[in-house]
$ cat input.cif   # mmCIF, C-alpha atoms
data_final
#
loop_
_atom_site.label_atom_id
_atom_site.label_comp_id
_atom_site.auth_asym_id
_atom_site.auth_seq_id
_atom_site.Cartn_x
_atom_site.Cartn_y
_atom_site.Cartn_z
CA TRP A 10 0.00 0.00 0.00
CA LYS A 11 2.80 2.38 0.87
CA TYR A 12 5.11 1.66 -2.06
CA PRO A 13 3.55 1.90 -5.53
CA SER A 14 5.25 0.62 -8.67
CA TYR A 15 6.79 3.30 -10.84
CA GLY A 16 8.88 3.41 -13.96
CA PHE A 17 9.41 4.62 -17.51
CA GLU A 18 7.36 3.47 -20.50
CA LEU A 19 7.95 3.75 -24.25
CA SER A 20 5.03 3.17 -26.61
CA TYR A 21 4.28 3.09 -30.32
CA ASP A 22 0.76 3.47 -31.66
CA TYR A 23 0.02 2.61 -35.27
CA ILE A 24 -2.82 4.80 -36.54
CA ASP A 25 -4.01 3.68 -39.96
CA ASN A 26 -5.96 6.75 -41.06
CA GLY A 27 -3.45 8.59 -43.32
CA VAL A 28 -4.18 11.89 -41.52
CA THR A 29 -2.60 11.87 -38.07
CA GLY A 30 0.35 9.58 -38.72
CA ASN A 31 1.72 7.31 -36.01
CA LYS A 32 2.41 8.17 -32.38
CA LEU A 33 5.53 7.58 -30.30
CA GLY A 34 5.20 8.06 -26.56
CA ALA A 35 7.62 8.35 -23.64
CA LEU A 36 6.24 8.72 -20.14
CA PHE A 37 6.89 8.18 -16.47
CA PHE A 38 4.23 6.21 -14.61
CA ILE A 39 3.15 5.44 -11.09
CA ARG A 40 0.97 2.44 -10.30
CA PRO A 41 -0.40 2.17 -6.75
CA SER A 42 -2.25 -1.00 -5.77
CA PHE A 43 -5.74 -0.89 -4.36
CA TYR A 44 -6.08 -4.68 -3.86
CA LYS A 45 -3.35 -7.27 -3.25
CA THR A 46 -3.03 -10.94 -2.54
CA GLU A 47 0.03 -13.16 -2.78
CA ARG A 48 -0.54 -13.68 -6.55
CA LEU A 49 -2.91 -10.93 -7.68
CA SER A 50 -2.45 -7.17 -7.68
CA LEU A 51 -5.07 -4.68 -8.92
CA ASN A 52 -3.61 -1.26 -9.66
CA VAL A 53 -4.50 2.25 -10.73
CA TYR A 54 -2.24 3.57 -13.52
CA LEU A 55 -1.18 7.22 -14.05
CA GLY A 56 1.37 8.15 -16.71
CA LEU A 57 2.65 11.60 -17.75
CA GLY A 58 5.05 12.37 -20.58
CA LEU A 59 5.44 13.43 -24.20
CA SER A 60 4.18 12.07 -27.50
CA TYR A 61 5.42 12.59 -31.05
CA PHE A 62 3.04 12.48 -34.03
CA SER A 63 4.57 11.83 -37.44
CA LYS A 64 1.97 13.95 -39.30
CA ILE A 65 0.57 17.31 -38.17
CA TYR A 66 -1.82 19.85 -39.58
CA HIS A 67 -0.62 21.79 -42.63
CA LYS A 68 -3.05 23.94 -44.63
CA THR A 69 -1.68 22.64 -47.96
CA TYR A 70 -0.21 19.16 -47.35
CA ASN A 71 -2.44 17.85 -44.55
CA PRO A 72 -5.57 20.06 -44.23
CA HIS A 73 -7.75 17.24 -42.85
CA ASN A 74 -5.70 16.87 -39.64
CA THR A 75 -7.73 19.20 -37.45
CA TYR A 76 -6.61 17.30 -34.31
CA ILE A 77 -2.87 17.84 -33.91
CA GLY A 78 -1.02 21.10 -34.66
CA SER A 79 2.49 20.14 -33.49
CA HIS A 80 4.76 17.12 -33.58
CA ILE A 81 5.51 17.20 -29.81
CA ASN A 82 2.50 16.96 -27.47
CA ALA A 83 1.72 16.25 -23.84
CA LEU A 84 0.72 12.65 -23.11
CA ILE A 85 -1.53 11.60 -20.23
CA ASN A 86 -2.52 7.97 -19.58
CA LEU A 87 -5.03 6.85 -16.93
CA GLY A 88 -6.25 3.35 -16.31
CA VAL A 89 -6.47 0.17 -14.29
CA GLN A 90 -4.18 -2.85 -14.47
CA ALA A 91 -4.29 -6.37 -13.10
CA ASP A 92 -1.10 -8.36 -12.45
CA TYR A 93 -1.16 -12.12 -11.86
CA PHE A 94 2.18 -13.44 -10.59
CA VAL A 95 3.14 -16.80 -12.09
CA SER A 96 6.49 -16.71 -10.27
CA GLU A 97 8.42 -14.45 -7.93
CA TYR A 98 9.85 -12.56 -10.94
CA MET A 99 7.15 -12.77 -13.64
CA ALA A 100 3.55 -11.49 -13.85
CA LEU A 101 0.91 -11.73 -16.55
CA THR A 102 -0.80 -8.37 -17.00
CA ALA A 103 -4.02 -6.97 -18.45
CA ALA A 104 -4.87 -3.26 -18.54
CA ALA A 105 -7.51 -0.85 -19.76
CA LYS A 106 -6.25 2.71 -20.27
CA PHE A 107 -7.43 6.06 -21.53
CA SER A 108 -4.75 8.02 -23.40
CA HIS A 109 -4.89 11.74 -24.27
CA SER A 110 -2.40 13.67 -26.42
CA SER A 111 -2.56 17.42 -27.09
CA ASN A 112 -0.25 20.42 -27.11
CA GLY A 113 -2.15 22.43 -24.49
CA GLN A 114 -3.30 25.10 -26.96
CA MET A 115 0.29 26.10 -27.76
CA PHE A 116 -0.42 25.60 -31.50
CA ARG A 117 -3.63 25.38 -33.48
CA PRO A 118 -5.48 23.18 -34.23
CA ASN A 119 -5.48 21.40 -30.90
CA PHE A 120 -8.49 19.20 -30.38
CA GLY A 121 -6.07 16.47 -29.36
CA LEU A 122 -6.47 12.75 -29.79
CA ASN A 123 -7.97 10.32 -27.28
CA PHE A 124 -7.50 6.56 -27.35
CA CYS A 125 -8.98 3.69 -25.37
CA GLN A 126 -6.26 1.10 -25.04
CA PHE A 127 -6.51 -2.52 -23.98
CA GLU A 128 -3.23 -4.25 -23.21
CA VAL A 129 -2.10 -7.76 -22.35
CA GLY A 130 1.46 -8.77 -21.64
CA CYS A 131 3.94 -9.84 -19.02
CA GLU A 132 6.23 -8.01 -16.64
CA TYR A 133 9.56 -9.13 -15.27
CA TYR A 134 10.58 -7.87 -11.81
CA LEU A 135 14.36 -7.60 -11.51
CA ASP A 136 14.31 -7.80 -7.70
CA GLY A 137 11.36 -10.15 -7.43
CA TYR A 138 7.86 -9.46 -6.21
CA LYS A 139 7.63 -8.77 -2.51
CA TYR A 140 4.20 -9.17 -0.98
CA ASP A 141 3.71 -7.55 2.40
CA VAL A 142 0.41 -7.36 4.21
CA PRO A 143 -0.12 -3.69 5.03
CA GLU A 144 -0.97 -2.66 8.54
CA ALA A 145 -3.72 -0.08 8.72
CA LYS A 146 -3.46 1.97 11.86
CA GLU A 147 -6.51 4.09 12.37
CA SER A 148 -4.45 6.80 14.10
CA ASN A 149 -2.51 7.31 10.84
CA VAL A 150 -5.64 7.84 8.73
CA LYS A 151 -6.35 11.51 8.11
CA ASP A 152 -10.04 11.93 7.54
CA ASN A 153 -10.20 15.31 5.78
CA ALA A 154 -7.94 17.19 3.38
CA VAL A 155 -8.09 20.41 1.37
CA ASN A 156 -5.90 21.02 -1.67
CA ILE A 157 -5.46 24.42 -3.32
CA SER A 158 -3.45 24.79 -6.54
CA PHE A 159 -2.82 27.58 -9.05
CA SER A 160 -1.59 26.93 -12.60
CA PRO A 161 -0.37 29.83 -14.77
CA GLY A 162 0.01 29.42 -18.53
CA ILE A 163 -0.27 30.89 -22.02
CA THR A 164 -2.99 30.34 -24.63
CA GLU A 165 -3.34 31.34 -28.27
CA SER A 166 -6.36 33.15 -29.71
CA LYS A 167 -7.93 31.12 -32.50
CA HIS A 168 -8.96 34.33 -34.29
CA THR A 169 -5.88 36.56 -34.08
CA GLY A 170 -3.10 34.07 -33.27
CA GLU A 171 -1.93 36.26 -30.36
CA HIS A 172 -0.81 34.68 -27.09
CA TYR A 173 -2.50 35.57 -23.80
CA PHE A 174 -1.99 34.78 -20.13
CA ALA A 175 -4.29 32.03 -18.89
CA SER A 176 -4.58 30.48 -15.45
CA SER A 177 -6.49 27.95 -13.44
CA LEU A 178 -7.35 27.88 -9.75
CA SER A 179 -8.43 24.60 -8.16
CA ILE A 180 -9.79 23.99 -4.68
CA ALA A 181 -10.44 20.36 -3.77
CA TYR A 182 -11.76 18.62 -0.66
CA SER A 183 -11.36 14.93 0.08
CA ARG A 184 -12.45 12.60 2.88
CA LYS A 185 -10.42 9.51 3.61
CA PHE A 186 -12.44 6.50 4.74
CA HIS A 187 -9.77 3.77 4.46
CA PRO A 188 -5.95 3.77 4.48
CA CYS A 189 -6.02 3.29 0.68
CA PHE A 190 -9.17 5.10 -0.46
CA ALA A 191 -10.51 8.63 -0.22
#

$ encode --input "input.cif" --output "structure tokens"
Amino acid sequence: WKYPSYGFELSYDYIDNGVTGNKLGALFFIRPSFYKTERLSLNVYLGLGLSYFSKIYHKTYNPHNTYIGSHINALINLGVQADYFVSEYMALTAAAKFSHSSNGQMFRPNFGLNFCQFEVGCEYYLDGYKYDVPEAKESNVKDNAVNISFSPGITESKHTGEHYFASSLSIAYSRKFHPCFA
């Protein structure tokens, strides 16, 4: 519970539409477990990184690509993954993920591309899989939390092409009802 899996992932997505080209992705991920047994682990997956699209919008050569306006884009992956350990070092995996790529309005057009991905595979653990039963101490569970964040940025006007200051303010409240869930 206290030590999620984390790592670096490289991906290649073949997109057979002739408009957007193919996508290469590089991202860092974190994968905390929300259910564990000696052989099974159910995990939440969060990955953040960059993607590269081989074809972008061009008013003459590629006018139909109204999704991606730059080769380099932000990449966000969210999902769930199940790992079934067949040995101390090897696990069979299955995952369902949502993937979003866009350039954050740095260049137009920027509708971005979203993918639903289903994956099957295997993972090899260099140090072996260590299963520890977590101890939930009620005194360590914080019931309430407030998070405040401010995000400054720049956006481009779709009419004039000028760049403007843009920002976001977020205030969030959460209530923890279990050592792993809130």

$ resolve_selection --input "input.cif" --expression "the PyMOL selection byres ((chain A and resi 50-67) around 7)" --output "JSON, numbers by chain"
{"A": [28, 29, 30, 31, 32, 33, 34, 35, 36, 37, 38, 39, 40, 41, 42, 43, 44, 45, 46, 48, 49, 68, 69, 70, 71, 72, 74, 75, 77, 78, 79, 80, 81, 82, 83, 84, 85, 86, 87, 88, 89, 90, 91, 92, 93, 110]}

$ atom_distance --input "input.cif" --atom1 "CA of Tyr98 (chain A)" --atom2 "CA of Leu135 (chain A)"
6.7 Å

$ atom_distance --input "input.cif" --atom1 "CA of Gly137 (chain A)" --atom2 "CA of Leu19 (chain A)"
22.1 Å

$ residues_around --input "input.cif" --residues "Asn123 (chain A)" --least-positions-apart "6" --cutoff "8 Å" --atoms "all atoms listed in the file" --output "PyMOL selection string"
chain A and resi 107-110

$ resolve_selection --input "input.cif" --expression "the PyMOL selection byres ((chain A and resi 159-164) around 9)" --output "list in words"
Gly113, Gln114, Met115, Phe116, Ile157, Ser158, Glu165, Ser166, Glu171, His172, Tyr173, Phe174, Ala175, Ser176, Ser177, Leu178, Ser179 and Ile180 of chain A
